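K.L.:
Hey, dropping entry.cif in here, mmCIF, C-alpha atoms and all ligand atoms:
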```
data_query
loop_
_atom_site.group_PDB
_atom_site.id
_atom_site.type_symbol
_atom_site.label_atom_id
_atom_site.label_comp_id
_atom_site.auth_asym_id
_atom_site.auth_seq_id
_atom_site.Cartn_x
_atom_site.Cartn_y
_atom_site.Cartn_z
ATOM 1 C CA MET V 186 96.035 88.184 113.604
ATOM 2 C CA ILE V 187 98.527 89.277 110.996
ATOM 3 C CA THR V 188 97.241 91.536 108.238
ATOM 4 C CA ARG V 189 98.927 93.420 105.444
ATOM 5 C CA PHE V 190 98.602 96.230 102.954
ATOM 6 C CA ALA V 191 100.251 95.355 99.655
ATOM 7 C CA PRO V 192 100.085 98.204 97.150
ATOM 8 C CA SER V 193 101.830 98.279 93.778
ATOM 9 C CA PRO V 194 103.805 101.486 93.184
ATOM 10 C CA THR V 195 102.295 102.044 89.750
ATOM 11 C CA GLY V 196 100.621 105.338 90.628
ATOM 12 C CA ARG V 197 99.554 107.387 93.622
ATOM 13 C CA LEU V 198 97.300 105.677 96.155
ATOM 14 C CA HIS V 199 93.612 106.519 95.965
ATOM 15 C CA LEU V 200 90.789 106.506 98.443
ATOM 16 C CA GLY V 201 90.181 102.773 97.959
ATOM 17 C CA HIS V 202 93.753 102.006 98.974
ATOM 18 C CA ALA V 203 93.274 104.152 102.066
ATOM 19 C CA LEU V 204 90.232 102.046 102.974
ATOM 20 C CA SER V 205 92.215 98.795 102.539
ATOM 21 C CA ALA V 206 95.088 100.120 104.634
ATOM 22 C CA VAL V 207 92.890 101.482 107.432
ATOM 23 C CA THR V 208 90.825 98.281 107.608
ATOM 24 C CA ALA V 209 93.827 95.947 107.626
ATOM 25 C CA HIS V 210 95.631 98.131 110.158
ATOM 26 C CA ASP V 211 92.648 98.332 112.511
ATOM 27 C CA ARG V 212 91.956 94.600 112.414
ATOM 28 C CA ALA V 213 95.512 93.867 113.485
ATOM 29 C CA ARG V 214 95.487 96.537 116.205
ATOM 30 C CA ALA V 215 92.106 95.360 117.579
ATOM 31 C CA ALA V 216 93.493 91.840 117.989
ATOM 32 C CA ALA V 217 96.914 92.941 119.294
ATOM 33 C CA GLY V 218 98.357 91.378 116.149
ATOM 34 C CA ALA V 219 100.691 92.739 113.511
ATOM 35 C CA PHE V 220 100.103 94.908 110.453
ATOM 36 C CA ARG V 221 102.647 94.513 107.646
ATOM 37 C CA LEU V 222 103.428 96.613 104.611
ATOM 38 C CA ARG V 223 104.545 95.055 101.334
ATOM 39 C CA ILE V 224 105.564 96.965 98.228
ATOM 40 C CA GLU V 225 104.587 94.944 95.149
ATOM 41 C CA ASP V 226 107.130 96.365 92.735
ATOM 42 C CA ILE V 227 107.911 93.511 90.360
ATOM 43 C CA ASP V 228 106.326 94.904 87.218
ATOM 44 C CA PRO V 229 109.324 96.820 85.833
ATOM 45 C CA ALA V 230 107.298 98.486 83.104
ATOM 46 C CA ARG V 231 104.802 100.085 85.487
ATOM 47 C CA CYS V 232 106.443 100.526 88.901
ATOM 48 C CA ARG V 233 108.320 103.697 89.808
ATOM 49 C CA PRO V 234 110.418 104.442 92.910
ATOM 50 C CA GLU V 235 108.700 107.790 93.478
ATOM 51 C CA PHE V 236 105.357 106.018 93.801
ATOM 52 C CA ALA V 237 106.881 103.648 96.369
ATOM 53 C CA ARG V 238 108.156 106.627 98.358
ATOM 54 C CA ALA V 239 104.722 108.236 98.153
ATOM 55 C CA ILE V 240 103.137 105.099 99.688
ATOM 56 C CA PHE V 241 105.216 105.497 102.863
ATOM 57 C CA ASP V 242 104.417 109.179 102.968
ATOM 58 C CA ASP V 243 100.670 108.741 102.374
ATOM 59 C CA LEU V 244 100.403 106.094 105.107
ATOM 60 C CA ALA V 245 102.198 108.377 107.551
ATOM 61 C CA TRP V 246 99.800 111.186 106.572
ATOM 62 C CA LEU V 247 96.831 108.885 107.287
ATOM 63 C CA GLY V 248 98.322 108.091 110.685
ATOM 64 C CA ILE V 249 98.762 104.420 109.814
ATOM 65 C CA GLY V 250 101.894 102.787 111.206
ATOM 66 C CA TRP V 251 103.053 99.324 110.187
ATOM 67 C CA ASP V 252 105.088 96.740 112.061
ATOM 68 C CA GLY V 253 108.610 95.713 111.105
ATOM 69 C CA PRO V 254 110.382 96.624 107.895
ATOM 70 C CA ALA V 255 108.338 96.857 104.697
ATOM 71 C CA VAL V 256 108.748 93.796 102.496
ATOM 72 C CA VAL V 257 109.839 94.774 98.978
ATOM 73 C CA GLN V 258 108.990 92.178 96.356
ATOM 74 C CA SER V 259 111.887 93.052 94.055
ATOM 75 C CA MET V 260 114.197 91.845 96.856
ATOM 76 C CA ARG V 261 112.508 88.440 96.997
ATOM 77 C CA LEU V 262 112.875 87.130 93.475
ATOM 78 C CA GLY V 263 114.708 83.995 94.642
ATOM 79 C CA ALA V 264 111.669 82.894 96.659
ATOM 80 C CA TYR V 265 109.408 83.202 93.613
ATOM 81 C CA ALA V 266 111.879 81.338 91.399
ATOM 82 C CA ALA V 267 112.048 78.515 93.949
ATOM 83 C CA ALA V 268 108.243 78.269 94.050
ATOM 84 C CA LEU V 269 108.098 78.136 90.255
ATOM 85 C CA ASP V 270 110.773 75.423 90.175
ATOM 86 C CA ARG V 271 108.687 73.316 92.534
ATOM 87 C CA MET V 272 105.662 73.686 90.291
ATOM 88 C CA ILE V 273 107.665 72.749 87.204
ATOM 89 C CA ALA V 274 109.133 69.711 88.956
ATOM 90 C CA ALA V 275 105.631 68.611 89.947
ATOM 91 C CA GLY V 276 104.427 68.930 86.336
ATOM 92 C CA LEU V 277 102.052 71.749 87.248
ATOM 93 C CA ALA V 278 103.598 74.567 85.213
ATOM 94 C CA TYR V 279 104.431 74.661 81.514
ATOM 95 C CA PRO V 280 106.283 77.087 79.266
ATOM 96 C CA CYS V 281 104.082 79.122 76.949
ATOM 97 C CA PHE V 282 105.551 80.564 73.765
ATOM 98 C CA CYS V 283 102.401 82.374 72.627
ATOM 99 C CA SER V 284 102.466 86.108 72.030
ATOM 100 C CA ARG V 285 99.377 88.195 72.783
ATOM 101 C CA ALA V 286 98.630 88.219 69.058
ATOM 102 C CA ASP V 287 98.888 84.393 68.896
ATOM 103 C CA ILE V 288 96.390 84.092 71.739
ATOM 104 C CA ALA V 289 93.964 86.606 70.217
ATOM 105 C CA ARG V 290 94.107 84.747 66.902
ATOM 106 C CA GLU V 291 93.548 81.398 68.581
ATOM 107 C CA VAL V 292 90.589 82.684 70.616
ATOM 108 C CA ALA V 293 89.026 84.358 67.564
ATOM 109 C CA GLY V 294 89.333 81.170 65.521
ATOM 110 C CA SER V 295 87.822 78.869 68.133
ATOM 111 C CA LEU V 296 84.146 78.461 68.911
ATOM 112 C CA SER V 297 84.914 76.716 72.172
ATOM 113 C CA ALA V 298 87.529 79.058 73.660
ATOM 114 C CA PRO V 299 87.026 79.000 77.433
ATOM 115 C CA HIS V 300 85.664 82.175 79.011
ATOM 116 C CA GLY V 301 86.159 83.448 82.551
ATOM 117 C CA ALA V 302 84.769 86.373 84.491
ATOM 118 C CA ASP V 303 86.765 88.915 82.478
ATOM 119 C CA GLY V 304 86.467 87.487 78.991
ATOM 120 C CA PRO V 305 88.306 84.799 77.043
ATOM 121 C CA LEU V 306 90.843 82.701 78.899
ATOM 122 C CA TYR V 307 94.118 81.368 77.587
ATOM 123 C CA PRO V 308 93.017 78.575 75.232
ATOM 124 C CA GLY V 309 95.737 76.188 76.411
ATOM 125 C CA THR V 310 97.701 76.045 73.158
ATOM 126 C CA CYS V 311 101.074 75.340 74.777
ATOM 127 C CA ARG V 312 99.630 73.012 77.408
ATOM 128 C CA ALA V 313 99.346 70.466 74.607
ATOM 129 C CA LEU V 314 103.065 70.594 73.695
ATOM 130 C CA PRO V 315 105.094 67.554 74.775
ATOM 131 C CA ARG V 316 106.329 68.805 78.138
ATOM 132 C CA ARG V 317 109.970 67.695 78.001
ATOM 133 C CA ALA V 318 110.559 69.174 74.557
ATOM 134 C CA ALA V 319 108.808 72.390 75.543
ATOM 135 C CA ILE V 320 110.964 72.774 78.647
ATOM 136 C CA ALA V 321 114.086 72.201 76.524
ATOM 137 C CA ARG V 322 112.874 74.832 74.022
ATOM 138 C CA ALA V 323 112.396 77.291 76.902
ATOM 139 C CA ALA V 324 116.195 77.430 77.259
ATOM 140 C CA THR V 325 116.362 79.436 74.035
ATOM 141 C CA ASP V 326 112.931 80.803 73.088
ATOM 142 C CA PRO V 327 111.086 83.677 74.812
ATOM 143 C CA HIS V 328 108.357 82.252 76.988
ATOM 144 C CA SER V 329 106.193 82.711 80.036
ATOM 145 C CA TRP V 330 105.237 79.970 82.493
ATOM 146 C CA ARG V 331 101.619 79.014 83.076
ATOM 147 C CA LEU V 332 99.834 77.049 85.754
ATOM 148 C CA ASP V 333 98.262 73.847 84.422
ATOM 149 C CA VAL V 334 95.108 74.457 86.385
ATOM 150 C CA ALA V 335 93.387 71.178 85.418
ATOM 151 C CA ALA V 336 96.425 69.166 86.534
ATOM 152 C CA ALA V 337 96.555 71.192 89.752
ATOM 153 C CA ILE V 338 92.923 70.469 90.590
ATOM 154 C CA ARG V 339 93.366 66.771 89.803
ATOM 155 C CA LEU V 340 96.083 66.771 92.430
ATOM 156 C CA THR V 341 94.401 68.900 95.094
ATOM 157 C CA GLY V 342 90.724 68.026 94.651
ATOM 158 C CA PRO V 343 88.053 70.696 95.219
ATOM 159 C CA LEU V 344 89.193 73.723 97.220
ATOM 160 C CA ALA V 345 87.459 76.540 99.077
ATOM 161 C CA TRP V 346 88.294 79.618 101.085
ATOM 162 C CA HIS V 347 86.487 81.762 103.617
ATOM 163 C CA ASP V 348 85.660 85.380 102.972
ATOM 164 C CA GLU V 349 84.323 87.406 105.896
ATOM 165 C CA ARG V 350 81.735 89.085 103.689
ATOM 166 C CA ALA V 351 80.979 86.417 101.082
ATOM 167 C CA GLY V 352 81.183 83.345 103.343
ATOM 168 C CA THR V 353 82.664 80.068 102.126
ATOM 169 C CA VAL V 354 83.592 80.252 98.473
ATOM 170 C CA ALA V 355 84.410 77.222 96.306
ATOM 171 C CA ALA V 356 87.578 77.861 94.304
ATOM 172 C CA ASP V 357 86.594 77.934 90.644
ATOM 173 C CA PRO V 358 89.546 76.700 88.583
ATOM 174 C CA VAL V 359 88.242 78.186 85.380
ATOM 175 C CA ALA V 360 87.729 81.645 86.851
ATOM 176 C CA LEU V 361 91.071 82.747 85.443
ATOM 177 C CA GLY V 362 92.237 79.638 83.587
ATOM 178 C CA ASP V 363 95.892 78.674 83.098
ATOM 179 C CA ILE V 364 97.229 81.918 84.536
ATOM 180 C CA ILE V 365 100.763 83.112 83.992
ATOM 181 C CA VAL V 366 102.967 82.393 87.002
ATOM 182 C CA LYS V 367 106.017 84.011 85.453
ATOM 183 C CA GLY V 368 105.752 86.469 82.591
ATOM 184 C CA ARG V 369 108.248 86.864 79.764
ATOM 185 C CA ASP V 370 109.740 90.039 81.141
ATOM 186 C CA ARG V 371 108.705 89.688 84.765
ATOM 187 C CA PRO V 372 110.362 87.717 87.547
ATOM 188 C CA ALA V 373 107.022 86.352 88.798
ATOM 189 C CA SER V 374 103.337 87.018 88.323
ATOM 190 C CA TYR V 375 101.306 88.966 90.836
ATOM 191 C CA HIS V 376 99.477 85.761 91.860
ATOM 192 C CA LEU V 377 102.600 83.726 92.532
ATOM 193 C CA ALA V 378 104.369 86.500 94.443
ATOM 194 C CA VAL V 379 101.307 87.224 96.584
ATOM 195 C CA VAL V 380 100.813 83.648 97.775
ATOM 196 C CA VAL V 381 104.510 83.145 98.466
ATOM 197 C CA ASP V 382 104.754 86.426 100.380
ATOM 198 C CA ASP V 383 101.517 86.092 102.333
ATOM 199 C CA ALA V 384 102.678 82.661 103.529
ATOM 200 C CA GLU V 385 106.184 83.859 104.362
ATOM 201 C CA ALA V 386 104.772 86.741 106.421
ATOM 202 C CA GLY V 387 102.282 84.450 108.191
ATOM 203 C CA ILE V 388 99.345 86.585 107.031
ATOM 204 C CA THR V 389 96.127 85.301 108.611
ATOM 205 C CA LEU V 390 93.688 87.848 107.154
ATOM 206 C CA VAL V 391 93.983 89.347 103.667
ATOM 207 C CA VAL V 392 92.089 92.641 103.424
ATOM 208 C CA ARG V 393 91.723 94.067 99.924
ATOM 209 C CA GLY V 394 89.117 95.414 97.529
ATOM 210 C CA MET V 395 86.415 93.405 95.772
ATOM 211 C CA ASP V 396 88.268 94.004 92.501
ATOM 212 C CA LEU V 397 90.658 91.241 93.604
ATOM 213 C CA PHE V 398 87.947 88.760 94.621
ATOM 214 C CA ALA V 399 88.313 86.687 91.422
ATOM 215 C CA SER V 400 92.076 86.517 91.955
ATOM 216 C CA THR V 401 91.462 84.515 95.097
ATOM 217 C CA HIS V 402 90.256 81.514 93.078
ATOM 218 C CA VAL V 403 93.643 81.057 91.493
ATOM 219 C CA GLN V 404 95.612 82.149 94.553
ATOM 220 C CA ARG V 405 93.805 79.443 96.558
ATOM 221 C CA ILE V 406 94.868 76.841 93.992
ATOM 222 C CA LEU V 407 98.469 78.084 94.043
ATOM 223 C CA GLN V 408 98.489 77.840 97.854
ATOM 224 C CA ALA V 409 97.358 74.218 97.666
ATOM 225 C CA VAL V 410 99.891 73.324 94.983
ATOM 226 C CA LEU V 411 102.739 74.908 96.945
ATOM 227 C CA GLY V 412 101.617 73.519 100.302
ATOM 228 C CA LEU V 413 101.047 76.997 101.748
ATOM 229 C CA PRO V 414 98.407 77.918 104.336
ATOM 230 C CA THR V 415 95.260 79.779 103.288
ATOM 231 C CA PRO V 416 94.445 82.998 105.123
ATOM 232 C CA THR V 417 90.920 84.249 105.715
ATOM 233 C CA TYR V 418 89.872 86.947 103.242
ATOM 234 C CA HIS V 419 88.010 90.198 103.561
ATOM 235 C CA HIS V 420 87.242 91.754 100.195
ATOM 236 C CA HIS V 421 85.784 95.137 100.989
ATOM 237 C CA ARG V 422 83.317 97.252 99.039
ATOM 238 C CA LEU V 423 84.716 99.435 96.292
ATOM 239 C CA ILE V 424 84.501 103.206 96.223
ATOM 240 C CA ALA V 425 83.097 105.025 93.216
ATOM 241 C CA GLY V 426 83.802 108.513 91.965
ATOM 242 C CA ALA V 427 81.304 111.195 91.009
ATOM 243 C CA ASP V 428 80.520 109.315 87.784
ATOM 244 C CA GLY V 429 79.458 106.226 89.775
ATOM 245 C CA ARG V 430 82.306 104.122 88.393
ATOM 246 C CA ARG V 431 84.710 102.421 90.721
ATOM 247 C CA LEU V 432 87.977 104.176 91.362
ATOM 248 C CA ALA V 433 91.105 103.305 89.447
ATOM 249 C CA LYS V 434 94.600 104.698 89.751
ATOM 250 C CA ARG V 435 93.929 106.898 86.733
ATOM 251 C CA ASP V 436 91.172 108.805 88.613
ATOM 252 C CA ALA V 437 93.233 111.768 89.686
ATOM 253 C CA ALA V 438 90.393 113.255 91.764
ATOM 254 C CA ALA V 439 90.458 110.262 94.117
ATOM 255 C CA GLY V 440 94.201 110.400 94.595
ATOM 256 C CA ILE V 441 95.450 110.788 98.134
ATOM 257 C CA ASP V 442 97.686 113.539 96.777
ATOM 258 C CA ARG V 443 94.611 115.500 95.613
ATOM 259 C CA LEU V 444 92.855 115.067 98.935
ATOM 260 C CA ARG V 445 95.986 116.197 100.737
ATOM 261 C CA ALA V 446 96.341 119.221 98.487
ATOM 262 C CA ALA V 447 92.675 120.073 99.084
ATOM 263 C CA GLY V 448 93.406 120.378 102.790
ATOM 264 C CA VAL V 449 91.863 117.099 103.958
ATOM 265 C CA GLU V 450 93.491 115.857 107.177
ATOM 266 C CA GLY V 451 94.791 112.305 107.039
ATOM 267 C CA PRO V 452 93.754 111.045 110.481
ATOM 268 C CA ALA V 453 90.281 112.600 110.022
ATOM 269 C CA LEU V 454 89.922 110.838 106.674
ATOM 270 C CA ALA V 455 91.041 107.537 108.222
ATOM 271 C CA GLU V 456 88.478 108.020 110.994
ATOM 272 C CA SER V 457 85.623 108.636 108.579
ATOM 273 C CA LEU V 458 86.582 105.588 106.505
ATOM 274 C CA ARG V 459 86.385 103.549 109.719
ATOM 275 C CA HIS V 460 82.753 104.581 109.954
ATOM 276 C CA GLY V 461 81.944 103.990 106.308
ATOM 277 C CA ALA V 462 81.736 107.711 105.575
ATOM 278 C CA LEU V 463 83.279 108.957 102.326
ATOM 279 C CA PRO V 464 84.381 112.453 101.334
ATOM 280 C CA ILE V 465 81.923 114.516 99.277
ATOM 281 C CA GLY V 466 81.942 113.433 95.634
ATOM 282 C CA PHE V 467 82.489 109.744 96.399
ATOM 283 C CA GLY V 468 80.079 106.874 96.978
ATOM 284 C CA TRP V 469 80.025 103.097 97.219
ATOM 285 C CA ALA V 470 80.256 101.258 93.930
ATOM 286 C CA THR V 471 77.284 98.999 93.374
ATOM 287 C CA ALA V 472 78.856 96.355 91.139
HETATM 288 N N1 LIG M 1 99.373 94.841 94.702
HETATM 289 C C1 LIG M 1 97.963 94.690 94.458
HETATM 290 C C2 LIG M 1 97.355 96.000 94.020
HETATM 291 O O1 LIG M 1 97.891 97.041 94.327
HETATM 292 C C3 LIG M 1 97.200 94.197 95.675
HETATM 293 C C4 LIG M 1 97.638 92.882 96.127
HETATM 294 C C5 LIG M 1 96.779 92.236 97.192
HETATM 295 O O2 LIG M 1 96.258 92.931 98.080
HETATM 296 O O3 LIG M 1 96.645 91.028 97.144
HETATM 297 O O4 LIG M 1 96.327 95.990 93.392
#
```
Re-express the file's structure as structure tokens.
Ligand code: GLU
P.N.:
Amino acid sequence: MITRFAPSPTGRLHLGHALSAVTAHDRARAAAGAFRLRIEDIDPARCRPEFARAIFDDLAWLGIGWDGPAVVQSMRLGAYAAALDRMIAAGLAYPCFCSRADIAREVAGSLSAPHGADGPLYPGTCRALPRRAAIARAATDPHSWRLDVAAAIRLTGPLAWHDERAGTVAADPVALGDIIVKGRDRPASYHLAVVVDDAEAGITLVVRGMDLFASTHVQRILQAVLGLPTPTYHHHRLIAGADGRRLAKRDAAAGIDRLRAAGVEGPALAESLRHGALPIGFGWATA
């Protein structure tokens, strides 16, 4: 049993992160396995070193210890580039020259734009470009790289994964569409980095919030395309604030820093989360 906690240092951790960390930590300890920490810091516009430092500090405050050195994604860019190269060589990734405005215009002008769980999907404009010429153009023009999800599924056939709470889930290729595997100004997308890193670390159980459930569809496809193993998943319930809405990093009241400042004790908080008990003012999100 190898589990992990993989926060992005884009803000202070909140109560939901504490639940992920405690759950992943306890599952590893109960099975005499390993619990790893990974700092997902490859979004240069949003990540800040002080938030990364606060993650270490907040985990120590909760009484959660991890095994081995923390993996820092910004140190692993070569592994993501190699994975992308393999996808390009296999004809499963294509350069996309569309700006956000291009995509919005295309979606607005099309009656048949594909829709996923969170709204319109990338309409596939650049998928239709002759591949060789597009790859040559990528040497000079700003571009991202996208997964050709239809080509991927043709290659892999139908895929599924197991979630401890949801059971066996069929991977839905159109859940997120032709996702970006490398953004214009980013060394790799969240999805690509996660599957490469989970495989490298030998993660057998991914514990994270239900907000990332839909991500698993595309991560499962990326695993298949890259020949990587598929862990078991545990997407836990989400915590809501006083307004009933699920917590986000912007909800200052749910921040671990606020709870600390209010005199909450870390190990006591971790213990109540283990028993499904939440501090006053918080509840379980229903959706
Ligand atoms: N870094 C992601 C986040 O903080 C979580 C990644 C994962 O658990 O797969 O939302």
K.L.:
If you apply the PyMOL selection byres (((chain V and resi 199-201) around 10) and not hetatm) to this file, what residues do you get, as a count of residues only?
P.N.:
38
K.L.:
Please build the interface table for chain V against ligand LIG 1 (chain M) with a cut-off of 6 Å, listing for each qualifying residue the nearest atom pair and the distance in Å to one decimal; count all atoms listed in the file, order rows by chain and increasing number, and write it as CSV.
P.N.:
```
residue,atom,partner,partner_atom,distance
V:Ala191,CA,M:LIG1,O2,4.9
V:Pro192,CA,M:LIG1,O1,3.8
V:Ser193,CA,M:LIG1,O1,4.2
V:Glu225,CA,M:LIG1,N1,5.2
V:Arg393,CA,M:LIG1,O2,5.0
```
K.L.:
Give me, please, the distance in Å between atom CA of V:Arg331 and atom CA of V:His419, quoted to one decimal.
P.N.:
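These two atoms are separated by 27.0 Å.
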K.L.:
Please, which residues are within 9 Å of (103.7, 76.5, 102.1) by the file's coordinates, counting all atoms listed in the file, and could they come as a list in words?
P.N.:
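Residues lying no farther than 9 Å from the given point: Val380, Val381, Ala384, Glu385, Gln408, Ala409, Val410, Leu411, Gly412, Leu413 and Pro414 of chain V.
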K.L.:
Looking at V:Ala356, V:Ala278, V:Leu397, V:Leu390, which one is nearest to V:Ala336, with distances taken over all atoms listed in the file?
P.N.:
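Using all atoms listed in the file, the shortest distance to V:Ala336 belongs to V:Ala278.
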K.L.:
Which residues fall under the PyMOL selection byres (((chain V and resi 326) around 12) and not hetatm) in this file, as an NGL selection string?
P.N.:
:V and (280-284 or 318-325 or 327-329 or 369)
K.L.:
Contacts of V:Ile365 at 12 Å or less, counting only C-alpha atoms, minus same-chain residues fewer than 6 places along, as a ChimeraX atom specification?
P.N.:
/V:269,277-283,306-307,309,328-334,371-378,403-404,407
K.L.:
Please, what distance in Å, to one decimal, runs between atom CA of V:Ala239 and atom CA of V:Thr417?
P.N.:
28.7 Å
